[in-house]
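Participant: PDB, C-alpha atoms and all ligand atoms, file protein.pdb:
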```
ATOM      1  CA  MET A  18      32.957 -21.991 -43.476
ATOM      2  CA  THR A  19      30.484 -24.801 -42.963
ATOM      3  CA  ALA A  20      32.310 -25.787 -39.791
ATOM      4  CA  SER A  21      32.092 -22.269 -38.347
ATOM      5  CA  ILE A  22      28.370 -22.032 -39.182
ATOM      6  CA  ASN A  23      27.884 -25.354 -37.470
ATOM      7  CA  ASN A  24      29.852 -24.109 -34.457
ATOM      8  CA  ALA A  25      27.749 -20.958 -34.280
ATOM      9  CA  SER A  26      24.494 -22.878 -34.347
ATOM     10  CA  ALA A  27      25.850 -25.300 -31.767
ATOM     11  CA  ALA A  28      26.673 -22.304 -29.527
ATOM     12  CA  ASP A  29      23.175 -20.867 -30.026
ATOM     13  CA  ALA A  30      21.625 -24.217 -29.238
ATOM     14  CA  ALA A  31      23.788 -24.558 -26.130
ATOM     15  CA  ALA A  32      22.845 -21.053 -25.018
ATOM     16  CA  GLN A  33      19.189 -21.840 -25.540
ATOM     17  CA  ALA A  34      19.476 -25.068 -23.557
ATOM     18  CA  MET A  35      20.988 -23.223 -20.581
ATOM     19  CA  PRO A  36      18.634 -22.152 -17.830
ATOM     20  CA  THR A  37      17.665 -18.634 -18.767
ATOM     21  CA  GLY A  38      18.328 -15.841 -16.345
ATOM     22  CA  THR A  39      16.829 -12.419 -16.809
ATOM     23  CA  PRO A  40      19.371  -9.689 -17.327
ATOM     24  CA  TYR A  41      19.637  -7.372 -14.271
ATOM     25  CA  GLY A  42      18.544 -10.313 -12.130
ATOM     26  CA  THR A  43      15.264  -8.961 -10.919
ATOM     27  CA  LEU A  44      12.240 -11.160 -11.404
ATOM     28  CA  PRO A  45      11.847 -14.890 -11.816
ATOM     29  CA  PRO A  46      11.540 -15.456 -15.600
ATOM     30  CA  ALA A  47       8.707 -17.944 -15.615
ATOM     31  CA  SER A  48       7.995 -19.155 -12.135
ATOM     32  CA  THR A  49       5.244 -21.648 -11.568
ATOM     33  CA  PRO A  50       1.935 -20.097 -10.547
ATOM     34  CA  SER A  51       1.863 -19.371  -6.846
ATOM     35  CA  ALA A  52       0.213 -21.896  -4.572
ATOM     36  CA  ARG A  53      -1.297 -19.006  -2.639
ATOM     37  CA  LYS A  54      -4.762 -17.815  -3.657
ATOM     38  CA  PRO A  55      -4.939 -14.282  -5.052
ATOM     39  CA  LEU A  56      -6.096 -11.762  -2.471
ATOM     40  CA  SER A  57      -9.572 -10.450  -3.149
ATOM     41  CA  LEU A  58     -12.126  -8.252  -1.436
ATOM     42  CA  PRO A  59     -14.024 -11.291  -0.025
ATOM     43  CA  ARG A  60     -10.751 -12.788   1.274
ATOM     44  CA  LEU A  61      -9.769  -9.481   2.913
ATOM     45  CA  ARG A  62     -13.263  -9.263   4.448
ATOM     46  CA  GLU A  63     -12.880 -12.786   5.771
ATOM     47  CA  MET A  64      -9.523 -11.912   7.365
ATOM     48  CA  HIS A  65     -11.095  -8.827   8.922
ATOM     49  CA  THR A  66     -14.055 -10.779  10.295
ATOM     50  CA  GLN A  67     -11.805 -13.501  11.682
ATOM     51  CA  GLY A  68      -9.477 -10.976  13.310
ATOM     52  CA  GLU A  69      -6.464 -11.931  11.214
ATOM     53  CA  LYS A  70      -4.225  -8.880  10.878
ATOM     54  CA  ILE A  71      -3.881  -7.529   7.328
ATOM     55  CA  THR A  72      -0.381  -6.606   6.158
ATOM     56  CA  MET A  73       0.298  -3.772   3.746
ATOM     57  CA  LEU A  74       3.498  -2.173   2.442
ATOM     58  CA  THR A  75       4.072   0.469  -0.156
ATOM     59  CA  ALA A  76       5.967  -0.408  -3.342
ATOM     60  CA  TYR A  77       6.647   1.632  -6.421
ATOM     61  CA  ASP A  78       8.368  -0.743  -8.828
ATOM     62  CA  ALA A  79       8.174  -4.288 -10.188
ATOM     63  CA  THR A  80      11.002  -5.857  -8.202
ATOM     64  CA  PHE A  81      10.138  -4.595  -4.720
ATOM     65  CA  ALA A  82       6.487  -5.463  -5.355
ATOM     66  CA  ALA A  83       7.400  -9.028  -6.381
ATOM     67  CA  VAL A  84       9.661  -9.448  -3.338
ATOM     68  CA  ALA A  85       7.004  -8.057  -0.959
ATOM     69  CA  ASP A  86       4.447 -10.398  -2.465
ATOM     70  CA  ALA A  87       6.799 -13.383  -2.126
ATOM     71  CA  ALA A  88       7.382 -12.375   1.513
ATOM     72  CA  GLY A  89       3.655 -12.743   2.164
ATOM     73  CA  VAL A  90       2.584  -9.085   2.236
ATOM     74  CA  GLU A  91      -1.122  -9.157   1.379
ATOM     75  CA  CYS A  92      -1.687  -5.610   0.153
ATOM     76  CA  ILE A  93       0.665  -3.442  -1.847
ATOM     77  CA  LEU A  94      -0.017   0.267  -1.883
ATOM     78  CA  VAL A  95       1.428   2.349  -4.678
ATOM     79  CA  GLY A  96       1.380   5.351  -2.398
ATOM     80  CA  ASP A  97       1.846   8.941  -3.429
ATOM     81  CA  SER A  98       4.649   8.839  -0.828
ATOM     82  CA  LEU A  99       6.605   8.033  -3.990
ATOM     83  CA  GLY A 100       6.782  11.817  -4.356
ATOM     84  CA  MET A 101       9.170  11.828  -1.427
ATOM     85  CA  VAL A 102      10.949   8.483  -1.756
ATOM     86  CA  CYS A 103      11.243   8.275  -5.566
ATOM     87  CA  GLN A 104      10.973  11.846  -6.808
ATOM     88  CA  GLY A 105      12.727  13.723  -4.010
ATOM     89  CA  LEU A 106       9.823  16.094  -3.378
ATOM     90  CA  SER A 107       9.252  17.589   0.056
ATOM     91  CA  SER A 108       5.588  16.520   0.192
ATOM     92  CA  THR A 109       3.069  14.457  -1.784
ATOM     93  CA  VAL A 110       1.344  17.569  -3.122
ATOM     94  CA  GLY A 111       3.379  17.674  -6.349
ATOM     95  CA  VAL A 112       2.648  14.086  -7.452
ATOM     96  CA  SER A 113       0.684  13.828 -10.692
ATOM     97  CA  LEU A 114      -1.876  11.275 -11.841
ATOM     98  CA  GLU A 115       0.409  10.309 -14.728
ATOM     99  CA  THR A 116       3.227   9.503 -12.266
ATOM    100  CA  MET A 117       0.830   7.374 -10.198
ATOM    101  CA  ARG A 118      -0.353   5.613 -13.355
ATOM    102  CA  TYR A 119       3.225   4.827 -14.385
ATOM    103  CA  HIS A 120       4.243   3.379 -10.996
ATOM    104  CA  THR A 121       0.977   1.436 -10.657
ATOM    105  CA  GLU A 122       1.673  -0.127 -14.049
ATOM    106  CA  CYS A 123       5.252  -0.995 -12.969
ATOM    107  CA  VAL A 124       4.025  -2.702  -9.786
ATOM    108  CA  ALA A 125       1.194  -4.508 -11.581
ATOM    109  CA  GLY A 126       3.695  -5.751 -14.181
ATOM    110  CA  GLY A 127       6.014  -7.075 -11.469
ATOM    111  CA  LEU A 128       3.170  -8.908  -9.743
ATOM    112  CA  ARG A 129       1.911 -10.330 -13.020
ATOM    113  CA  ARG A 130       5.334 -11.566 -14.101
ATOM    114  CA  SER A 131       6.130 -13.132 -10.747
ATOM    115  CA  HIS A 132       2.644 -14.663 -10.452
ATOM    116  CA  GLY A 133       2.015 -12.495  -7.406
ATOM    117  CA  VAL A 134      -1.184 -12.664  -5.415
ATOM    118  CA  ALA A 135      -1.154  -9.324  -3.580
ATOM    119  CA  TRP A 136      -4.089  -6.901  -3.579
ATOM    120  CA  LEU A 137      -2.917  -3.757  -5.388
ATOM    121  CA  ILE A 138      -4.040  -0.319  -4.242
ATOM    122  CA  GLY A 139      -3.395   2.825  -6.284
ATOM    123  CA  ASP A 140      -3.303   6.170  -4.504
ATOM    124  CA  LEU A 141      -5.284   9.002  -6.092
ATOM    125  CA  PRO A 142      -2.948  12.016  -5.941
ATOM    126  CA  PHE A 143      -3.688  15.573  -4.828
ATOM    127  CA  GLY A 144      -6.004  17.369  -7.241
ATOM    128  CA  SER A 145      -7.111  14.218  -9.076
ATOM    129  CA  TYR A 146     -10.436  13.793  -7.203
ATOM    130  CA  HIS A 147     -11.086  17.203  -5.643
ATOM    131  CA  GLU A 148     -13.081  18.898  -8.429
ATOM    132  CA  SER A 149     -16.011  16.506  -8.719
ATOM    133  CA  LYS A 150     -17.143  12.909  -8.370
ATOM    134  CA  GLU A 151     -16.829  12.594 -12.148
ATOM    135  CA  GLN A 152     -13.206  13.734 -12.048
ATOM    136  CA  ALA A 153     -12.559  11.186  -9.287
ATOM    137  CA  LEU A 154     -14.097   8.453 -11.450
ATOM    138  CA  ARG A 155     -11.933   9.395 -14.449
ATOM    139  CA  SER A 156      -8.803   9.364 -12.274
ATOM    140  CA  ALA A 157      -9.751   6.068 -10.631
ATOM    141  CA  VAL A 158     -10.280   4.504 -14.069
ATOM    142  CA  VAL A 159      -6.714   5.506 -15.015
ATOM    143  CA  LEU A 160      -5.275   3.663 -11.985
ATOM    144  CA  MET A 161      -7.594   0.646 -12.345
ATOM    145  CA  GLN A 162      -6.645   0.293 -16.010
ATOM    146  CA  ALA A 163      -2.983   0.450 -14.963
ATOM    147  CA  GLY A 164      -3.629  -2.643 -12.808
ATOM    148  CA  ALA A 165      -4.916  -1.403  -9.423
ATOM    149  CA  HIS A 166      -7.648  -3.434  -7.698
ATOM    150  CA  MET A 167      -8.671  -0.571  -5.429
ATOM    151  CA  VAL A 168      -8.044   3.161  -5.163
ATOM    152  CA  LYS A 169      -7.229   5.187  -2.065
ATOM    153  CA  LEU A 170      -8.213   8.761  -1.392
ATOM    154  CA  GLU A 171      -7.676  11.056   1.561
ATOM    155  CA  GLY A 172     -10.118  12.873   3.808
ATOM    156  CA  GLY A 173     -13.616  12.639   5.234
ATOM    157  CA  GLY A 174     -16.748  14.755   4.953
ATOM    158  CA  TRP A 175     -16.745  15.991   1.371
ATOM    159  CA  THR A 176     -15.083  12.774   0.136
ATOM    160  CA  THR A 177     -17.925  10.577   1.418
ATOM    161  CA  GLU A 178     -20.147  11.098  -1.642
ATOM    162  CA  THR A 179     -17.129  10.562  -3.914
ATOM    163  CA  VAL A 180     -16.469   7.219  -2.204
ATOM    164  CA  ARG A 181     -20.124   6.225  -2.671
ATOM    165  CA  PHE A 182     -20.007   7.247  -6.359
ATOM    166  CA  LEU A 183     -16.900   5.114  -7.023
ATOM    167  CA  VAL A 184     -18.119   2.090  -5.035
ATOM    168  CA  GLU A 185     -21.504   2.165  -6.842
ATOM    169  CA  ARG A 186     -19.543   1.956 -10.095
ATOM    170  CA  GLY A 187     -17.622  -1.138  -9.000
ATOM    171  CA  ILE A 188     -14.419   0.489  -7.798
ATOM    172  CA  PRO A 189     -13.272  -0.702  -4.362
ATOM    173  CA  VAL A 190     -12.140   2.204  -2.197
ATOM    174  CA  CYS A 191      -9.713   2.615   0.686
ATOM    175  CA  ALA A 192     -10.266   5.866   2.592
ATOM    176  CA  HIS A 193      -7.627   7.671   4.675
ATOM    177  CA  LEU A 194      -8.196   9.744   7.847
ATOM    178  CA  GLY A 195      -6.033  11.276  10.564
ATOM    179  CA  LEU A 196      -2.861  12.777   9.196
ATOM    180  CA  THR A 197      -3.647  13.186   5.514
ATOM    181  CA  PRO A 198      -0.336  14.163   3.856
ATOM    182  CA  GLN A 199      -1.968  15.854   0.850
ATOM    183  CA  THR A 200      -3.369  18.492   3.229
ATOM    184  CA  VAL A 201      -0.156  18.898   5.228
ATOM    185  CA  HIS A 202      -0.120  22.647   4.605
ATOM    186  CA  ALA A 203      -3.642  23.076   5.957
ATOM    187  CA  LEU A 204      -2.842  20.856   8.961
ATOM    188  CA  GLY A 205       0.307  22.832   9.772
ATOM    189  CA  GLY A 206       2.716  19.891   9.601
ATOM    190  CA  TYR A 207       2.945  16.146  10.173
ATOM    191  CA  ARG A 208       1.151  16.097  13.523
ATOM    192  CA  VAL A 209      -0.910  13.579  15.476
ATOM    193  CA  GLN A 210      -4.618  14.073  14.702
ATOM    194  CA  GLY A 211      -7.718  13.454  16.833
ATOM    195  CA  LYS A 212      -6.160  14.531  20.116
ATOM    196  CA  THR A 213      -8.976  16.864  21.214
ATOM    197  CA  ASP A 214     -12.506  15.663  22.067
ATOM    198  CA  GLU A 215     -13.872  17.622  19.121
ATOM    199  CA  SER A 216     -11.419  16.286  16.529
ATOM    200  CA  ALA A 217     -11.788  12.734  17.886
ATOM    201  CA  ALA A 218     -15.586  12.985  17.559
ATOM    202  CA  GLN A 219     -15.212  14.271  13.997
ATOM    203  CA  LEU A 220     -12.908  11.381  13.106
ATOM    204  CA  ARG A 221     -15.400   8.851  14.540
ATOM    205  CA  ARG A 222     -18.234  10.449  12.528
ATOM    206  CA  GLU A 223     -16.224  10.569   9.301
ATOM    207  CA  ALA A 224     -15.047   6.959   9.655
ATOM    208  CA  SER A 225     -18.582   5.726  10.120
ATOM    209  CA  ALA A 226     -19.865   7.762   7.151
ATOM    210  CA  LEU A 227     -17.068   6.406   4.926
ATOM    211  CA  GLN A 228     -17.992   2.847   5.897
ATOM    212  CA  ASP A 229     -21.655   3.566   5.121
ATOM    213  CA  ALA A 230     -20.606   4.981   1.746
ATOM    214  CA  GLY A 231     -18.932   1.659   0.943
ATOM    215  CA  ALA A 232     -15.234   2.099   1.764
ATOM    216  CA  SER A 233     -13.856  -1.357   2.514
ATOM    217  CA  MET A 234     -10.591  -0.162   4.025
ATOM    218  CA  LEU A 235      -9.609   2.899   6.004
ATOM    219  CA  VAL A 236      -6.030   4.012   6.627
ATOM    220  CA  LEU A 237      -5.670   5.730  10.001
ATOM    221  CA  GLU A 238      -2.437   7.717  10.115
ATOM    222  CA  MET A 239      -0.972   9.305  13.263
ATOM    223  CA  VAL A 240      -4.109   8.825  15.335
ATOM    224  CA  PRO A 241      -3.899   8.087  19.101
ATOM    225  CA  ALA A 242      -3.904   4.313  19.703
ATOM    226  CA  ALA A 243      -6.996   4.393  21.942
ATOM    227  CA  LEU A 244      -9.038   6.313  19.371
ATOM    228  CA  SER A 245      -8.031   4.107  16.436
ATOM    229  CA  ALA A 246      -8.826   0.963  18.461
ATOM    230  CA  GLU A 247     -12.246   2.414  19.238
ATOM    231  CA  VAL A 248     -12.898   3.283  15.573
ATOM    232  CA  THR A 249     -11.731  -0.201  14.542
ATOM    233  CA  GLN A 250     -14.235  -1.810  16.924
ATOM    234  CA  ALA A 251     -17.039   0.452  15.733
ATOM    235  CA  LEU A 252     -16.519  -0.412  12.054
ATOM    236  CA  THR A 253     -17.967  -3.788  11.182
ATOM    237  CA  HIS A 254     -17.237  -4.057   7.471
ATOM    238  CA  CYS A 255     -14.441  -1.575   6.854
ATOM    239  CA  ALA A 256     -10.965  -2.736   7.910
ATOM    240  CA  THR A 257      -8.775  -0.085   9.513
ATOM    241  CA  ILE A 258      -5.122  -0.088   8.472
ATOM    242  CA  GLY A 259      -2.901   1.798  10.879
ATOM    243  CA  ILE A 260       0.300   3.752  10.449
ATOM    244  CA  GLY A 261       1.272   5.424  13.689
ATOM    245  CA  ALA A 262      -2.139   4.426  15.059
ATOM    246  CA  GLY A 263      -1.247   1.670  17.515
ATOM    247  CA  ASN A 264      -1.842  -2.054  17.498
ATOM    248  CA  GLY A 265      -5.640  -2.042  17.783
ATOM    249  CA  THR A 266      -6.281  -1.660  14.051
ATOM    250  CA  ALA A 267      -7.284  -4.455  11.664
ATOM    251  CA  GLY A 268      -4.011  -4.177   9.773
ATOM    252  CA  GLN A 269      -0.819  -2.157   9.400
ATOM    253  CA  VAL A 270       0.960  -0.297   6.634
ATOM    254  CA  LEU A 271       4.468   1.159   6.410
ATOM    255  CA  VAL A 272       6.350   2.977   3.700
ATOM    256  CA  LEU A 273       8.814   0.488   2.197
ATOM    257  CA  HIS A 274      11.903   2.692   2.391
ATOM    258  CA  ASP A 275      11.193   3.515   6.050
ATOM    259  CA  MET A 276      10.875  -0.113   7.143
ATOM    260  CA  LEU A 277      14.075  -0.962   5.272
ATOM    261  CA  GLY A 278      15.914   1.744   7.221
ATOM    262  CA  MET A 279      16.483   3.830   4.084
ATOM    263  CA  ASN A 280      15.342   7.024   5.720
ATOM    264  CA  LEU A 281      18.177   9.532   5.795
ATOM    265  CA  GLY A 282      16.335  12.004   7.998
ATOM    266  CA  LYS A 283      14.888  11.515  11.455
ATOM    267  CA  MET A 284      12.843   8.325  11.545
ATOM    268  CA  ALA A 285       9.190   8.863  12.480
ATOM    269  CA  LYS A 286       8.185   7.433  15.865
ATOM    270  CA  PHE A 287       5.874   4.889  14.235
ATOM    271  CA  VAL A 288       8.562   3.312  12.033
ATOM    272  CA  HIS A 289      10.604   0.250  12.885
ATOM    273  CA  ASN A 290      13.668  -0.660  10.821
ATOM    274  CA  PHE A 291      13.010  -4.309   9.949
ATOM    275  CA  MET A 292      16.457  -4.635   8.327
ATOM    276  CA  ASP A 293      17.811  -4.791  11.896
ATOM    277  CA  GLY A 294      18.541  -8.482  12.340
ATOM    278  CA  ALA A 295      17.541  -9.412   8.777
ATOM    279  CA  SER A 296      20.023 -10.599   6.160
ATOM    280  CA  SER A 297      17.954  -9.655   3.107
ATOM    281  CA  VAL A 298      15.173  -7.335   2.006
ATOM    282  CA  ARG A 299      12.849 -10.313   1.730
ATOM    283  CA  GLY A 300      13.855 -11.385   5.253
ATOM    284  CA  ALA A 301      13.005  -7.906   6.559
ATOM    285  CA  MET A 302       9.601  -8.021   4.874
ATOM    286  CA  GLU A 303       8.935 -11.504   6.279
ATOM    287  CA  ALA A 304       9.838 -10.210   9.755
ATOM    288  CA  TYR A 305       7.356  -7.345   9.238
ATOM    289  CA  VAL A 306       4.598  -9.763   8.207
ATOM    290  CA  ARG A 307       5.292 -11.988  11.234
ATOM    291  CA  ALA A 308       5.364  -9.045  13.635
ATOM    292  CA  VAL A 309       2.091  -7.590  12.358
ATOM    293  CA  LYS A 310       0.380 -10.996  12.361
ATOM    294  CA  ASP A 311       1.458 -11.899  15.899
ATOM    295  CA  GLY A 312       0.723  -8.388  17.208
ATOM    296  CA  SER A 313       4.320  -7.618  18.261
ATOM    297  CA  PHE A 314       4.430  -4.614  15.897
ATOM    298  CA  PRO A 315       3.519  -1.878  16.517
ATOM    299  CA  VAL A 316       3.955  -1.450  20.252
ATOM    300  CA  ASN A 317       1.615   1.112  21.801
ATOM    301  CA  GLY A 318       3.629   3.766  23.606
ATOM    302  CA  VAL A 319       6.696   3.059  21.437
ATOM    303  CA  HIS A 320       5.345   3.390  17.882
ATOM    304  CA  ALA A 321       2.121   5.240  18.678
ATOM    305  CA  TRP A 322       0.660   7.979  20.821
TER     306      TRP A 322
HETATM  307  O1  LIG B 401       1.242   7.426   0.222
HETATM  308  C1  LIG B 401       1.413   6.562   1.079
HETATM  309  O2  LIG B 401       2.392   5.820   1.079
HETATM  310  C2  LIG B 401       0.397   6.423   2.110
HETATM  311  C3  LIG B 401       0.718   5.555   3.277
HETATM  312  C4  LIG B 401       1.612   6.267   4.216
HETATM  313  C5  LIG B 401      -0.507   5.062   3.960
HETATM  314  O3  LIG B 401      -0.637   7.010   2.024
END
```
As structure tokens, how would this structure be written, given the file I've shared?
Ligand code: KIV

Facilitator:
Amino acid sequence: MTASINNASAADAAAQAMPTGTPYGTLPPASTPSARKPLSLPRLREMHTQGEKITMLTAYDATFAAVADAAGVECILVGDSLGMVCQGLSSTVGVSLETMRYHTECVAGGLRRSHGVAWLIGDLPFGSYHESKEQALRSAVVLMQAGAHMVKLEGGGWTTETVRFLVERGIPVCAHLGLTPQTVHALGGYRVQGKTDESAAQLRREASALQDAGASMLVLEMVPAALSAEVTQALTHCATIGIGAGNGTAGQVLVLHDMLGMNLGKMAKFVHNFMDGASSVRGAMEAYVRAVKDGSFPVNGVHAW
């Protein structure tokens, strides 16, 4: 009896002495703190001022967020595109604030546990900021308390005062113009925006007003390359992040599943499958970071209009 107790405790001790691996092999259990400095608003501003391209990818869970961070992606967007890629919806319109809160918390947890340094952006979903500035603040607080450093919201014009209201209350904001997926039904589909003189002028005006209201980033989606380059030059302290907007923006963003070639439908023109030639997901993300930094992705005329 005594011998078997001794054997059992010896086995426990041996198990404890073994290097621990997490079950399901996802995150490093207790990695040493990263040598990289955490991304911050001043650091992102510095990159913008110095003309260093900013890299952004979407992520919706702990593991992909930790891998993207380790690959050197500076900004992770918990996008409401999760409606399509995680929930199987046909648009982002059906995504709720509670779903965004849950995924933001998952990503924040992954970054925390892996000692990640990425800047985390939570997307305010359809209907969570449309009623009033106060509603927008309540929704933003939910995402910030789930671990976001910044919130993103779509549209110009009426959103400008909402952006100002949030920024005045210490919430960094990323705006989003061009193709705004939450209004896909009003826009009549996923189409390039700002093609006419009138719509281009409106986009220029809205971008400038959003900067004045305090937005520190602006996603430009499916906007002609020449127009987004012009808007980028005109904005001095708001960094444009393009998706289908050419290579003249201050940074780039792609939806994770698209850039990993996990799109079962027709790939959008602005997507490149970075798994081509990569032997791992991390390798694909590193290739994306390199290509954005050295300006080889996107290519105007291939990935943009
Ligand atoms: O929801 C999302 O992923 C986005 C990006 C496409 C910019 O808004």

Participant: What would the selection look like, as a list in words, if the PyMOL selection byres (((chain A and resi 264) around 10) and not hetatm) were run on the coordinates I just shared?

Facilitator: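 When the PyMOL selection byres (((chain A and resi 264) around 10) and not hetatm) is applied to the shown file, the picked residues are Lys70, Ala242, Ala243, Ser245, Ala246, Ile258, Gly259, Ile260, Gly261, Ala262, Gly263, Gly265, Thr266, Ala267, Gly268, Gln269, Val309, Gly312, Ser313, Phe314, Pro315, Val316, Asn317, His320 and Ala321 of chain A.
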
Participant: Please provide as a tab-separated table (two decimals) with C-alpha atoms, in the frame of the given file all residues within 12 Å of segment 249-253 of chain A, with the sequence filter that same-chain residues fewer than 6 positions apart are discarded (counting all atoms listed in the file).

Facilitator:
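Output below, filename out.tsv:
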```tsv
chain	number	residue	atom	x	y	z
A	62	ARG	CA	-13.26	-9.26	4.45
A	63	GLU	CA	-12.88	-12.79	5.77
A	65	HIS	CA	-11.10	-8.83	8.92
A	66	THR	CA	-14.06	-10.78	10.30
A	67	GLN	CA	-11.80	-13.50	11.68
A	68	GLY	CA	-9.48	-10.98	13.31
A	220	LEU	CA	-12.91	11.38	13.11
A	221	ARG	CA	-15.40	8.85	14.54
A	222	ARG	CA	-18.23	10.45	12.53
A	223	GLU	CA	-16.22	10.57	9.30
A	224	ALA	CA	-15.05	6.96	9.65
A	225	SER	CA	-18.58	5.73	10.12
A	226	ALA	CA	-19.86	7.76	7.15
A	227	LEU	CA	-17.07	6.41	4.93
A	228	GLN	CA	-17.99	2.85	5.90
A	229	ASP	CA	-21.66	3.57	5.12
A	231	GLY	CA	-18.93	1.66	0.94
A	232	ALA	CA	-15.23	2.10	1.76
A	233	SER	CA	-13.86	-1.36	2.51
A	234	MET	CA	-10.59	-0.16	4.03
A	235	LEU	CA	-9.61	2.90	6.00
A	236	VAL	CA	-6.03	4.01	6.63
A	237	LEU	CA	-5.67	5.73	10.00
A	240	VAL	CA	-4.11	8.82	15.34
A	242	ALA	CA	-3.90	4.31	19.70
A	243	ALA	CA	-7.00	4.39	21.94
A	259	GLY	CA	-2.90	1.80	10.88
A	262	ALA	CA	-2.14	4.43	15.06
A	263	GLY	CA	-1.25	1.67	17.52
A	264	ASN	CA	-1.84	-2.05	17.50
A	265	GLY	CA	-5.64	-2.04	17.78
A	266	THR	CA	-6.28	-1.66	14.05
A	267	ALA	CA	-7.28	-4.46	11.66
A	268	GLY	CA	-4.01	-4.18	9.77
```

Participant: Show me which residues line ligand LIG 401 (chain B), defined as having an atom within 7 Å of a ligand atom where all atoms listed in the file count, and present them as a PyMOL selection string.

Facilitator: chain A and resi 75+94-99+140+236+238+260+270-272

Participant: Written as a PyMOL selection string, what is the full residue list that the PyMOL selection byres (((chain A and resi 151-163) around 8) and not hetatm) yields on the file shown?

Facilitator: chain A and resi 114+117-119+121-122+125+139+141+145-150+164-168+179+182-183+188

Participant: Atom CA of Leu170 of chain A and atom CA of Ala87 of chain A, how far apart in Å?

Facilitator: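 Going from atom CA of Ala87 of chain A over to atom CA of Leu170 of chain A covers 26.8 Å.
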
Participant: Using Å and a single decimal, report how far atom CA of Thr116 of chain A sits from atom CA of Gly100 of chain A.

Facilitator: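 Atom-to-atom, atom CA of Gly100 of chain A and atom CA of Thr116 of chain A are spaced 9.0 Å apart.
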
Participant: Which is closest to Leu244 of chain A among A:Gly205, A:Gly195, A:Asp293, A:Leu273, if we use all atoms listed in the file?

Facilitator: A:Gly195

Participant: If you apply the PyMOL selection byres (((chain A and resi 209) around 6) and not hetatm) to this file, what residues do you get, as a list in words?

Facilitator: Arg208, Gln210, Met239 and Val240 of chain A

Participant: With 8 Å on each side, where is the centre of the axis-aligned box around all listed atoms of segment 114-133 of chain A, and how long are its edges in Å to one decimal, as lines of an AutoDock Vina configuration file?

Facilitator:
```
center_x = 2.1
center_y = -1.7
center_z = -11.1
size_x = 24.0
size_y = 41.9
size_z = 23.3
```

Participant: Mind giving me the straight-line distance from atom CA of Tyr305 of chain A to atom CA of Phe291 of chain A in Å, one decimal?

Facilitator: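 Distance between the two atoms: 6.5 Å.
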
Participant: Could you tell me which of A:Gly211, A:Ala76, A:Lys169, A:Gly144 comes closest to Asp275 of chain A if we count all atoms listed in the file?

Facilitator: A:Ala76

Participant: Met292 of chain A: which residues within 6 Å, counting all atoms listed in the file, same-chain residues fewer than 3 positions away excluded, as number ranges by chain?

Facilitator: A: 277, 295, 301

Participant: So, with all atoms listed in the file as the atoms that count, which of A:Ala85, A:Met101, A:Val110, A:Glu178 lies closest to Ala135 of chain A?

Facilitator: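 Ranked by minimum distance to Ala135 of chain A, first place goes to A:Ala85.
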
Participant: Supply segment 156-167 of chain A as a PDB file, in the coordinates of the input, with N, CA and C atoms built in where the input has gaps.

Facilitator:
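This went into rebuild_21.pdb:
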```pdb
ATOM      1  N   SER A 156     -10.150   9.626 -12.815  1.00  0.00           N
ATOM      2  CA  SER A 156      -8.803   9.364 -12.274  1.00  0.00           C
ATOM      3  C   SER A 156      -8.691   7.922 -11.791  1.00  0.00           C
ATOM      4  N   ALA A 157      -9.762   7.448 -11.133  1.00  0.00           N
ATOM      5  CA  ALA A 157      -9.751   6.068 -10.631  1.00  0.00           C
ATOM      6  C   ALA A 157      -9.637   5.078 -11.790  1.00  0.00           C
ATOM      7  N   VAL A 158     -10.335   5.383 -12.889  1.00  0.00           N
ATOM      8  CA  VAL A 158     -10.280   4.504 -14.069  1.00  0.00           C
ATOM      9  C   VAL A 158      -8.835   4.401 -14.581  1.00  0.00           C
ATOM     10  N   VAL A 159      -8.116   5.515 -14.557  1.00  0.00           N
ATOM     11  CA  VAL A 159      -6.714   5.506 -15.015  1.00  0.00           C
ATOM     12  C   VAL A 159      -5.897   4.511 -14.179  1.00  0.00           C
ATOM     13  N   LEU A 160      -6.067   4.554 -12.852  1.00  0.00           N
ATOM     14  CA  LEU A 160      -5.275   3.663 -11.985  1.00  0.00           C
ATOM     15  C   LEU A 160      -5.758   2.216 -12.091  1.00  0.00           C
ATOM     16  N   MET A 161      -7.075   2.018 -12.221  1.00  0.00           N
ATOM     17  CA  MET A 161      -7.594   0.646 -12.345  1.00  0.00           C
ATOM     18  C   MET A 161      -7.110   0.032 -13.670  1.00  0.00           C
ATOM     19  N   GLN A 162      -7.093   0.838 -14.719  1.00  0.00           N
ATOM     20  CA  GLN A 162      -6.645   0.293 -16.010  1.00  0.00           C
ATOM     21  C   GLN A 162      -5.135   0.068 -16.024  1.00  0.00           C
ATOM     22  N   ALA A 163      -4.427   0.708 -15.094  1.00  0.00           N
ATOM     23  CA  ALA A 163      -2.983   0.450 -14.963  1.00  0.00           C
ATOM     24  C   ALA A 163      -2.732  -0.808 -14.131  1.00  0.00           C
ATOM     25  N   GLY A 164      -3.790  -1.374 -13.526  1.00  0.00           N
ATOM     26  CA  GLY A 164      -3.629  -2.643 -12.808  1.00  0.00           C
ATOM     27  C   GLY A 164      -4.041  -2.615 -11.347  1.00  0.00           C
ATOM     28  N   ALA A 165      -4.483  -1.450 -10.834  1.00  0.00           N
ATOM     29  CA  ALA A 165      -4.916  -1.403  -9.423  1.00  0.00           C
ATOM     30  C   ALA A 165      -6.214  -2.187  -9.248  1.00  0.00           C
ATOM     31  N   HIS A 166      -6.380  -2.763  -8.040  1.00  0.00           N
ATOM     32  CA  HIS A 166      -7.648  -3.434  -7.698  1.00  0.00           C
ATOM     33  C   HIS A 166      -8.553  -2.522  -6.885  1.00  0.00           C
ATOM     34  N   MET A 167      -7.954  -1.461  -6.365  1.00  0.00           N
ATOM     35  CA  MET A 167      -8.671  -0.571  -5.429  1.00  0.00           C
ATOM     36  C   MET A 167      -7.972   0.781  -5.507  1.00  0.00           C
TER      37      MET A 167
END
```
